[in-house]
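Structure data (CSV, C-alpha atoms and all ligand atoms) from model_36.csv:
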chain,number,residue,atom,x,y,z
A,3,MET,CA,-8.5,40.8,20.3
A,4,LYS,CA,-11.6,41.9,22.2
A,5,GLN,CA,-13.3,39.5,24.6
A,6,GLY,CA,-16.4,39.2,22.3
A,7,LYS,CA,-14.3,38.4,19.2
A,8,LYS,CA,-12.3,35.8,21.2
A,9,LEU,CA,-15.6,34.0,21.8
A,10,LEU,CA,-17.0,34.3,18.3
A,11,LEU,CA,-15.1,31.4,16.6
A,12,PRO,CA,-15.5,28.9,19.4
A,13,ALA,CA,-19.2,29.8,19.6
A,14,MET,CA,-19.6,29.3,15.9
A,15,MET,CA,-17.9,25.9,16.0
A,16,LEU,CA,-20.2,24.9,19.0
A,17,LEU,CA,-23.2,26.0,17.0
A,18,ILE,CA,-22.2,23.9,14.0
A,19,PHE,CA,-21.8,20.8,16.1
A,20,GLU,CA,-25.0,21.5,18.0
A,21,ALA,CA,-26.9,21.7,14.7
A,22,VAL,CA,-25.4,18.3,13.7
A,23,ALA,CA,-26.2,16.9,17.2
A,24,VAL,CA,-29.9,18.0,17.1
A,25,ALA,CA,-30.4,17.1,13.5
A,26,LEU,CA,-29.1,13.5,14.1
A,27,TRP,CA,-30.9,13.2,17.4
A,28,LEU,CA,-34.2,14.0,15.8
A,29,ALA,CA,-33.6,12.1,12.5
A,30,LYS,CA,-32.4,8.9,14.3
A,31,ASP,CA,-34.7,9.4,17.4
A,32,ASN,CA,-31.6,8.6,19.5
A,33,ILE,CA,-30.4,11.0,22.2
A,34,PHE,CA,-26.9,9.5,22.0
A,35,TYR,CA,-26.2,11.7,19.0
A,36,LEU,CA,-27.1,14.8,21.0
A,37,PHE,CA,-24.7,13.8,23.7
A,38,ASN,CA,-22.0,12.6,21.3
A,39,PHE,CA,-21.8,15.6,19.0
A,40,SER,CA,-22.4,18.1,21.9
A,41,TYR,CA,-19.4,16.6,23.7
A,42,ILE,CA,-17.2,16.8,20.6
A,43,GLY,CA,-18.3,20.3,19.8
A,44,ILE,CA,-17.6,21.5,23.4
A,45,SER,CA,-14.2,19.9,23.3
A,46,ILE,CA,-13.2,21.5,20.0
A,47,SER,CA,-14.6,24.9,20.9
A,48,LEU,CA,-12.7,24.8,24.2
A,49,GLY,CA,-9.5,24.0,22.2
A,50,ILE,CA,-10.1,26.9,19.8
A,51,PHE,CA,-10.7,29.2,22.8
A,52,LEU,CA,-7.5,28.0,24.5
A,53,PHE,CA,-5.6,28.5,21.2
A,54,ILE,CA,-6.9,32.1,20.9
A,55,MET,CA,-5.8,32.6,24.5
A,56,LYS,CA,-2.3,31.4,23.4
A,57,TYR,CA,-2.3,28.3,25.6
A,58,LYS,CA,0.5,26.3,24.0
A,59,HIS,CA,-1.1,22.9,24.7
A,60,ALA,CA,-4.5,23.8,23.3
A,61,ARG,CA,-4.4,21.1,20.5
A,62,ARG,CA,-3.3,18.5,23.0
A,63,VAL,CA,-6.3,19.2,25.2
A,64,VAL,CA,-8.6,18.6,22.3
A,65,GLN,CA,-6.8,15.5,21.2
A,66,LEU,CA,-7.0,14.0,24.7
A,67,LEU,CA,-10.7,15.0,25.2
A,68,VAL,CA,-11.9,13.6,21.9
A,69,GLY,CA,-9.4,10.8,21.3
A,70,LEU,CA,-9.9,9.2,24.7
A,71,TYR,CA,-13.6,9.6,24.5
A,72,MET,CA,-13.7,7.8,21.2
A,73,LEU,CA,-11.2,5.1,22.1
A,74,VAL,CA,-12.2,4.3,25.6
A,75,TYR,CA,-15.9,5.2,25.8
A,76,LEU,CA,-17.2,4.5,22.3
A,77,GLY,CA,-14.7,1.8,21.5
A,78,PHE,CA,-14.0,-0.2,24.6
A,79,ILE,CA,-17.1,0.5,26.8
A,80,LYS,CA,-19.8,0.8,24.1
A,81,GLY,CA,-18.2,-1.7,21.8
A,82,GLU,CA,-18.3,0.4,18.6
A,83,ASN,CA,-15.7,-0.4,16.1
A,84,MET,CA,-14.9,3.1,14.8
A,85,GLN,CA,-11.9,2.0,12.8
A,86,ILE,CA,-12.1,1.5,9.0
A,87,GLU,CA,-13.2,-2.2,9.4
A,88,GLY,CA,-16.2,-0.9,11.5
A,89,PHE,CA,-17.1,1.4,8.7
A,90,TRP,CA,-17.0,-1.4,6.1
A,91,TYR,CA,-19.0,-3.6,8.5
A,92,TYR,CA,-21.8,-1.1,9.0
A,93,LEU,CA,-21.8,-0.2,5.3
A,94,PHE,CA,-22.3,-3.8,4.3
A,95,THR,CA,-25.1,-4.3,6.8
A,96,GLY,CA,-26.7,-1.1,5.4
A,97,VAL,CA,-26.9,0.5,8.8
A,98,PHE,CA,-26.4,4.2,8.9
A,99,GLU,CA,-25.2,4.3,12.5
A,100,ALA,CA,-22.1,4.9,14.6
A,101,ALA,CA,-19.1,4.2,12.4
A,102,THR,CA,-20.8,5.1,9.1
A,103,ILE,CA,-22.0,8.4,10.6
A,104,HIS,CA,-18.6,9.0,12.1
A,105,TYR,CA,-16.9,8.4,8.8
A,106,ALA,CA,-19.4,10.6,6.9
A,107,VAL,CA,-18.9,13.5,9.3
A,108,ALA,CA,-15.2,13.3,10.2
A,109,LYS,CA,-13.6,11.7,7.2
A,110,ILE,CA,-15.6,11.8,4.0
A,111,PHE,CA,-17.8,15.0,3.8
A,112,GLY,CA,-16.4,16.9,6.8
A,113,PRO,CA,-13.0,17.4,5.3
A,114,LEU,CA,-14.6,19.4,2.5
A,115,ILE,CA,-15.0,22.0,5.2
A,116,PHE,CA,-12.3,21.4,7.9
A,117,GLY,CA,-9.8,19.5,5.9
A,118,ARG,CA,-7.8,17.0,8.0
A,119,GLY,CA,-8.8,18.6,11.2
A,120,TRP,CA,-9.6,15.1,12.4
A,121,CYS,CA,-6.0,14.1,12.1
A,122,GLY,CA,-4.8,17.2,14.0
A,123,TYR,CA,-7.3,17.2,16.8
A,124,ALA,CA,-9.3,14.0,17.3
A,125,CYS,CA,-7.6,10.9,16.1
A,126,TRP,CA,-6.7,8.6,19.0
A,127,THR,CA,-3.8,7.0,17.2
A,128,ALA,CA,-2.1,10.4,16.6
A,129,MET,CA,-3.0,11.4,20.1
A,130,VAL,CA,-0.3,9.0,21.3
A,131,LEU,CA,2.1,9.5,18.3
A,132,ASP,CA,2.3,13.2,19.0
A,133,PHE,CA,3.8,12.5,22.4
A,134,LEU,CA,6.9,10.9,20.8
A,135,PRO,CA,10.1,12.8,20.3
A,136,TYR,CA,10.1,13.5,16.6
A,137,LYS,CA,7.7,16.3,16.3
A,138,VAL,CA,9.4,17.6,13.2
A,139,PRO,CA,10.6,15.0,10.7
A,140,ALA,CA,14.3,14.4,10.8
A,141,GLY,CA,14.6,13.5,7.1
A,142,PRO,CA,12.9,14.0,3.8
A,143,ARG,CA,9.6,12.2,3.0
A,144,ARG,CA,9.9,8.7,1.5
A,145,LYS,CA,8.0,7.4,-1.5
A,146,LEU,CA,6.0,4.9,0.6
A,147,GLY,CA,2.5,6.4,0.4
A,148,TRP,CA,1.4,3.4,-1.8
A,149,ILE,CA,1.3,1.3,1.4
A,150,ARG,CA,-1.8,3.1,2.6
A,151,TYR,CA,-3.7,1.7,-0.4
A,152,VAL,CA,-2.6,-1.9,0.4
A,153,VAL,CA,-3.8,-1.5,4.0
A,154,PHE,CA,-7.1,0.1,2.8
A,155,ALA,CA,-7.7,-2.9,0.4
A,156,LEU,CA,-6.8,-5.4,3.2
A,157,SER,CA,-9.3,-3.9,5.6
A,158,LEU,CA,-12.0,-4.1,2.9
A,159,ILE,CA,-11.1,-7.7,2.0
A,160,PHE,CA,-11.1,-8.7,5.7
A,161,VAL,CA,-14.7,-7.5,6.3
A,162,ALA,CA,-15.9,-8.7,2.9
A,163,ALA,CA,-14.5,-12.2,3.7
A,164,LEU,CA,-16.4,-12.3,7.0
A,165,PHE,CA,-19.6,-11.7,5.1
A,166,LEU,CA,-18.9,-14.0,2.3
A,167,ALA,CA,-17.9,-16.8,4.7
A,168,LYS,CA,-21.1,-16.1,6.6
A,169,ALA,CA,-19.1,-15.9,9.9
A,170,GLY,CA,-21.1,-16.3,13.0
A,171,ASN,CA,-21.3,-13.5,15.6
A,172,ILE,CA,-19.6,-10.9,13.4
A,173,GLU,CA,-20.4,-8.3,16.1
A,174,ARG,CA,-18.0,-10.0,18.5
A,175,ILE,CA,-15.4,-10.5,15.7
A,176,MET,CA,-15.6,-6.8,14.9
A,177,PHE,CA,-15.0,-5.9,18.6
A,178,ARG,CA,-11.9,-8.1,18.7
A,179,ALA,CA,-10.8,-6.6,15.4
A,180,PHE,CA,-11.1,-3.2,17.0
A,181,VAL,CA,-8.9,-4.2,19.9
A,182,ILE,CA,-6.3,-6.0,17.8
A,183,GLY,CA,-6.4,-3.3,15.1
A,184,ASN,CA,-5.6,-0.6,17.6
A,185,ILE,CA,-2.7,-2.6,19.1
A,186,ILE,CA,-1.3,-3.1,15.6
A,187,TYR,CA,-1.8,0.6,14.7
A,188,TYR,CA,-0.1,1.8,17.9
A,189,ALA,CA,2.8,-0.7,17.5
A,190,ALA,CA,3.3,0.1,13.8
A,191,GLY,CA,2.9,3.9,14.5
A,192,ILE,CA,5.4,4.0,17.3
A,193,ALA,CA,7.9,1.7,15.4
A,194,ALA,CA,7.6,3.9,12.3
A,195,ALA,CA,8.1,7.1,14.3
A,196,PHE,CA,11.4,5.8,15.6
A,197,ILE,CA,12.6,4.2,12.3
A,198,PHE,CA,11.9,7.3,10.2
A,199,LYS,CA,12.5,9.7,13.1
A,200,ASP,CA,9.1,11.2,12.4
A,201,ASN,CA,6.1,11.1,14.7
A,202,ARG,CA,3.7,11.2,11.8
A,203,ALA,CA,5.4,8.6,9.6
A,204,PHE,CA,2.4,6.2,10.2
A,205,CYS,CA,0.0,9.0,8.9
A,206,LYS,CA,2.2,9.6,5.9
A,207,TYR,CA,2.7,6.1,4.7
A,208,PHE,CA,0.4,3.5,6.3
A,209,CYS,CA,-2.9,4.9,7.5
A,210,PRO,CA,-5.7,3.6,5.3
A,211,VAL,CA,-8.1,6.4,6.4
A,212,THR,CA,-6.1,8.9,4.3
A,213,VAL,CA,-7.5,7.3,1.2
A,214,PHE,CA,-10.7,9.1,2.1
A,215,LEU,CA,-9.2,12.1,3.8
A,216,LYS,CA,-6.7,13.3,1.2
A,217,PRO,CA,-9.1,13.8,-1.8
A,218,ALA,CA,-11.8,15.5,0.3
A,219,SER,CA,-9.3,17.8,2.0
A,220,TYR,CA,-8.0,19.0,-1.4
A,221,PHE,CA,-11.2,21.0,-1.6
A,222,SER,CA,-11.2,22.1,2.1
A,223,LEU,CA,-12.8,25.4,2.9
A,224,PHE,CA,-10.5,26.0,5.9
A,225,ARG,CA,-6.8,26.2,4.8
A,226,VAL,CA,-3.7,27.9,6.1
A,227,LYS,CA,-2.8,30.6,3.6
A,228,CYS,CA,0.2,32.8,3.2
A,229,ASN,CA,0.1,36.6,3.0
A,230,LYS,CA,2.8,37.1,0.4
A,231,THR,CA,3.2,40.8,1.2
A,232,LYS,CA,4.2,40.0,4.7
A,233,CYS,CA,6.3,36.8,4.0
A,234,ILE,CA,10.1,37.2,4.1
A,235,ASP,CA,10.8,33.7,2.8
A,236,CYS,CA,12.6,32.7,6.0
A,237,GLY,CA,11.4,29.1,5.6
A,238,ARG,CA,10.6,28.7,9.3
A,239,CYS,CA,7.0,27.5,8.6
A,240,LYS,CA,8.3,24.6,6.5
A,241,LYS,CA,10.9,23.6,9.1
A,242,VAL,CA,8.3,23.2,11.9
A,243,CYS,CA,5.6,21.5,9.7
A,244,PRO,CA,5.2,17.9,10.8
A,245,MET,CA,3.6,17.0,7.4
A,246,ASP,CA,6.1,18.6,5.0
A,247,VAL,CA,3.5,21.0,3.6
A,248,ASP,CA,4.7,23.9,1.4
A,249,VAL,CA,2.4,26.4,3.2
A,250,THR,CA,3.8,29.5,1.5
A,251,ASP,CA,2.3,28.3,-1.8
A,252,ASN,CA,-1.4,29.3,-1.8
A,253,SER,CA,-2.5,27.0,-4.6
A,254,ARG,CA,-4.5,23.8,-3.9
A,255,LYS,CA,-1.8,21.9,-5.7
A,256,ARG,CA,0.9,23.0,-3.2
A,257,LYS,CA,3.4,20.3,-2.2
A,258,ASN,CA,1.8,17.9,0.3
A,259,GLY,CA,-1.2,20.2,0.5
A,260,THR,CA,-3.6,17.3,1.3
A,261,GLU,CA,-1.4,16.4,4.2
A,262,CYS,CA,-2.1,19.5,6.3
A,263,ILE,CA,-3.6,18.5,9.6
A,264,LEU,CA,-4.3,22.1,10.6
A,265,CYS,CA,-2.1,21.9,13.6
A,266,LEU,CA,-1.2,25.6,13.2
A,267,GLU,CA,2.5,25.1,14.2
A,268,CYS,CA,3.4,27.1,11.1
A,269,VAL,CA,1.1,29.9,12.2
A,270,LYS,CA,2.5,30.0,15.7
A,271,ASN,CA,6.1,30.1,14.4
A,272,CYS,CA,5.9,32.6,11.6
A,273,PRO,CA,7.9,35.7,12.7
A,274,LYS,CA,5.9,38.0,10.4
A,275,ASP,CA,2.3,36.8,11.1
A,276,ALA,CA,2.1,36.0,7.4
A,277,LEU,CA,0.0,32.9,7.9
B,1,LIG,S1,-3.6,9.9,9.1
B,1,LIG,FE1,-4.7,8.2,10.1
B,1,LIG,S2,-3.5,7.8,12.0
B,1,LIG,FE2,-2.8,9.8,11.2
B,1,LIG,S3,-4.1,11.2,12.3
B,1,LIG,FE3,-5.1,10.8,10.4
B,1,LIG,S4,-6.6,9.2,10.8
B,1,LIG,FE4,-5.1,9.3,12.5
B,2,LIG,S1,7.5,31.5,8.5
B,2,LIG,FE1,6.2,33.2,7.8
B,2,LIG,S2,7.7,34.7,6.9
B,2,LIG,FE2,8.8,32.7,7.1
B,2,LIG,S3,8.5,31.8,5.1
B,2,LIG,FE3,6.9,31.1,6.4
B,2,LIG,S4,5.2,32.5,6.0
B,2,LIG,FE4,7.0,33.4,5.2
B,3,LIG,S1,2.4,23.2,10.3
B,3,LIG,FE1,0.9,24.4,9.1
B,3,LIG,S2,1.0,23.5,7.0
B,3,LIG,FE2,2.0,22.0,8.4
B,3,LIG,S3,0.3,20.6,9.0
B,3,LIG,FE3,0.4,22.2,10.6
B,3,LIG,S4,-1.1,23.7,9.9
B,3,LIG,FE4,-0.6,22.4,8.1

Structure encoded using structure tokens:
Amino acid sequence: MKQGKKLLLPAMMLLIFEAVAVALWLAKDNIFYLFNFSYIGISISLGIFLFIMKYKHARRVVQLLVGLYMLVYLGFIKGENMQIEGFWYYLFTGVFEAATIHYAVAKIFGPLIFGRGWCGYACWTAMVLDFLPYKVPAGPRRKLGWIRYVVFALSLIFVAALFLAKAGNIERIMFRAFVIGNIIYYAAGIAAAFIFKDNRAFCKYFCPVTVFLKPASYFSLFRVKCNKTKCIDCGRCKKVCPMDVDVTDNSRKRKNGTECILCLECVKNCPKDAL
């Protein structure tokens, strides 16, 4: 690939994020949005560039840059609850800020364009889970996906109960919920990875955010597709997929299609460059 072409995709991604950054900065009259989305855009563009340059840890670099920024800076330092409870909280207060904007961009409307890119490159829970030893699931998928709906409902009930009970200092409660919620997510995620021998077991069965992510990503513009004329049906792509996606089927209804996190492991491992 020529030098100019190598820069085209990262540059396009940076431009998209800069457009969002400037639009939100002007609309909300808050320079934080310029900084926030510029930083995320630069991180993602850098990751794409490193991927094009065939650096094998490119995705990890983005996960750490974005994940740590959101967890440590936005979460612990700025006190923003960017978890699903924070989204409900801001939604109930009618404030279109932080968590609501984050959910709108990354998890509700964004997946119509970039699918579950959030899960592959930015989530601070998966940032840790992906370091565990079971990068490829050791066994078949279990029928436990219903648990995510229970967790989703519980998160909504928890925040609704705080409002209904007219709890004092909800801001402080939400910060504590963020800290405790993250501890629970990490503990459950690590335990699930070892029990199911699958780093992404938490994502497959427990994560409530997938209730938003899965339907939107069904319509995703960016998808990994298979060139049937090149494919030799070797099955390598399915073996290396952490999310059990049948990536050789190009239909939107392909098995576990809404689970694809765009990690591109299948692309990297295809011997025929068919993906
Ligand atoms: S499924 Fe949930 S925990 Fe897993 S990467 Fe996506 S948002 Fe993070
Ligand atoms: S790895 Fe490539 S060649 Fe093998 S089945 Fe998958 S798409 Fe086809
Ligand atoms: S390996 Fe391919 S199909 Fe599986 S999640 Fe990653 S990008 Fe999607």

Quiz item: Pick the closest to ligand LIG 3 (chain B) from A:Val226, A:Leu67, A:Ala140, A:Cys272: which is it, counting only C-alpha atoms and all ligand atoms?
Solution: A:Val226

Quiz item: Could you list, as a PyMOL selection string, all the residues within 7 Å of ligand LIG 2 (chain B), counting all atoms listed in the file?
Solution: chain A and resi 228+232-240+250+268+271-277

Environment of ligand LIG 3 (chain B) within 7 Å, counting all atoms listed in the file, reported as a tab-separated table (two decimals) with C-alpha atoms, keeping the file's coordinate frame:
chain	number	residue	atom	x	y	z
A	226	VAL	CA	-3.70	27.90	6.10
A	239	CYS	CA	7.00	27.50	8.60
A	242	VAL	CA	8.30	23.20	11.90
A	243	CYS	CA	5.60	21.50	9.70
A	244	PRO	CA	5.20	17.90	10.80
A	245	MET	CA	3.60	17.00	7.40
A	246	ASP	CA	6.10	18.60	5.00
A	247	VAL	CA	3.50	21.00	3.60
A	248	ASP	CA	4.70	23.90	1.40
A	249	VAL	CA	2.40	26.40	3.20
A	261	GLU	CA	-1.40	16.40	4.20
A	262	CYS	CA	-2.10	19.50	6.30
A	263	ILE	CA	-3.60	18.50	9.60
A	264	LEU	CA	-4.30	22.10	10.60
A	265	CYS	CA	-2.10	21.90	13.60
A	266	LEU	CA	-1.20	25.60	13.20
A	267	GLU	CA	2.50	25.10	14.20
A	268	CYS	CA	3.40	27.10	11.10
A	269	VAL	CA	1.10	29.90	12.20

Mind running chain A against ligand LIG 1 (chain B) at 7 Å and telling me each contacting residue's nearest atom pair with the distance in Å (one decimal), counting all atoms listed in the file, chain and number ascending, as CSV?
residue,atom,partner,partner_atom,distance
A:Trp120,CA,B:LIG1,FE3,6.5
A:Cys121,CA,B:LIG1,S3,3.5
A:Gly122,CA,B:LIG1,S3,6.3
A:Cys125,CA,B:LIG1,FE4,4.7
A:Trp126,CA,B:LIG1,FE4,6.7
A:Thr127,CA,B:LIG1,S2,5.3
A:Ala128,CA,B:LIG1,S3,4.8
A:Arg202,CA,B:LIG1,FE2,6.7
A:Phe204,CA,B:LIG1,S2,6.4
A:Cys205,CA,B:LIG1,FE2,3.7
A:Lys206,CA,B:LIG1,S1,6.6
A:Cys209,CA,B:LIG1,FE1,4.6
A:Pro210,CA,B:LIG1,FE1,6.7
A:Val211,CA,B:LIG1,FE1,5.3
A:Thr212,CA,B:LIG1,S1,5.5

Writer output for current selection, C-alpha atoms, as a PDB file, keeping the file's coordinate frame:
ATOM      1  CA  TRP A 120      -9.600  15.100  12.400  1.00  0.00           C
ATOM      2  CA  CYS A 121      -6.000  14.100  12.100  1.00  0.00           C
ATOM      3  CA  GLY A 122      -4.800  17.200  14.000  1.00  0.00           C
ATOM      4  CA  CYS A 125      -7.600  10.900  16.100  1.00  0.00           C
ATOM      5  CA  TRP A 126      -6.700   8.600  19.000  1.00  0.00           C
ATOM      6  CA  THR A 127      -3.800   7.000  17.200  1.00  0.00           C
ATOM      7  CA  ALA A 128      -2.100  10.400  16.600  1.00  0.00           C
ATOM      8  CA  ARG A 202       3.700  11.200  11.800  1.00  0.00           C
ATOM      9  CA  PHE A 204       2.400   6.200  10.200  1.00  0.00           C
ATOM     10  CA  CYS A 205       0.000   9.000   8.900  1.00  0.00           C
ATOM     11  CA  LYS A 206       2.200   9.600   5.900  1.00  0.00           C
ATOM     12  CA  CYS A 209      -2.900   4.900   7.500  1.00  0.00           C
ATOM     13  CA  PRO A 210      -5.700   3.600   5.300  1.00  0.00           C
ATOM     14  CA  VAL A 211      -8.100   6.400   6.400  1.00  0.00           C
ATOM     15  CA  THR A 212      -6.100   8.900   4.300  1.00  0.00           C
TER      16      THR A 212
END

Exercise. Between A:Ala124, A:Pro139, A:Phe224, A:Glu87, single out the one closest to Gly43 in chain A, counting all atoms listed in the file.
Key: A:Ala124

Exercise. Quick one: everything within 10 Å of range 181-193 of chain A, counting all atoms listed in the file, minus sequence neighbours fewer than 2 positions away in the same chain. Send it as a PyMOL selection string.
Key: chain A and resi 73+77-78+81+83+85-87+126-128+130-132+134+157+175-179+195-205+208-209

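You will find CA of Asp31 in chain A at 19.4 Å from CA of Ile18 in chain A.
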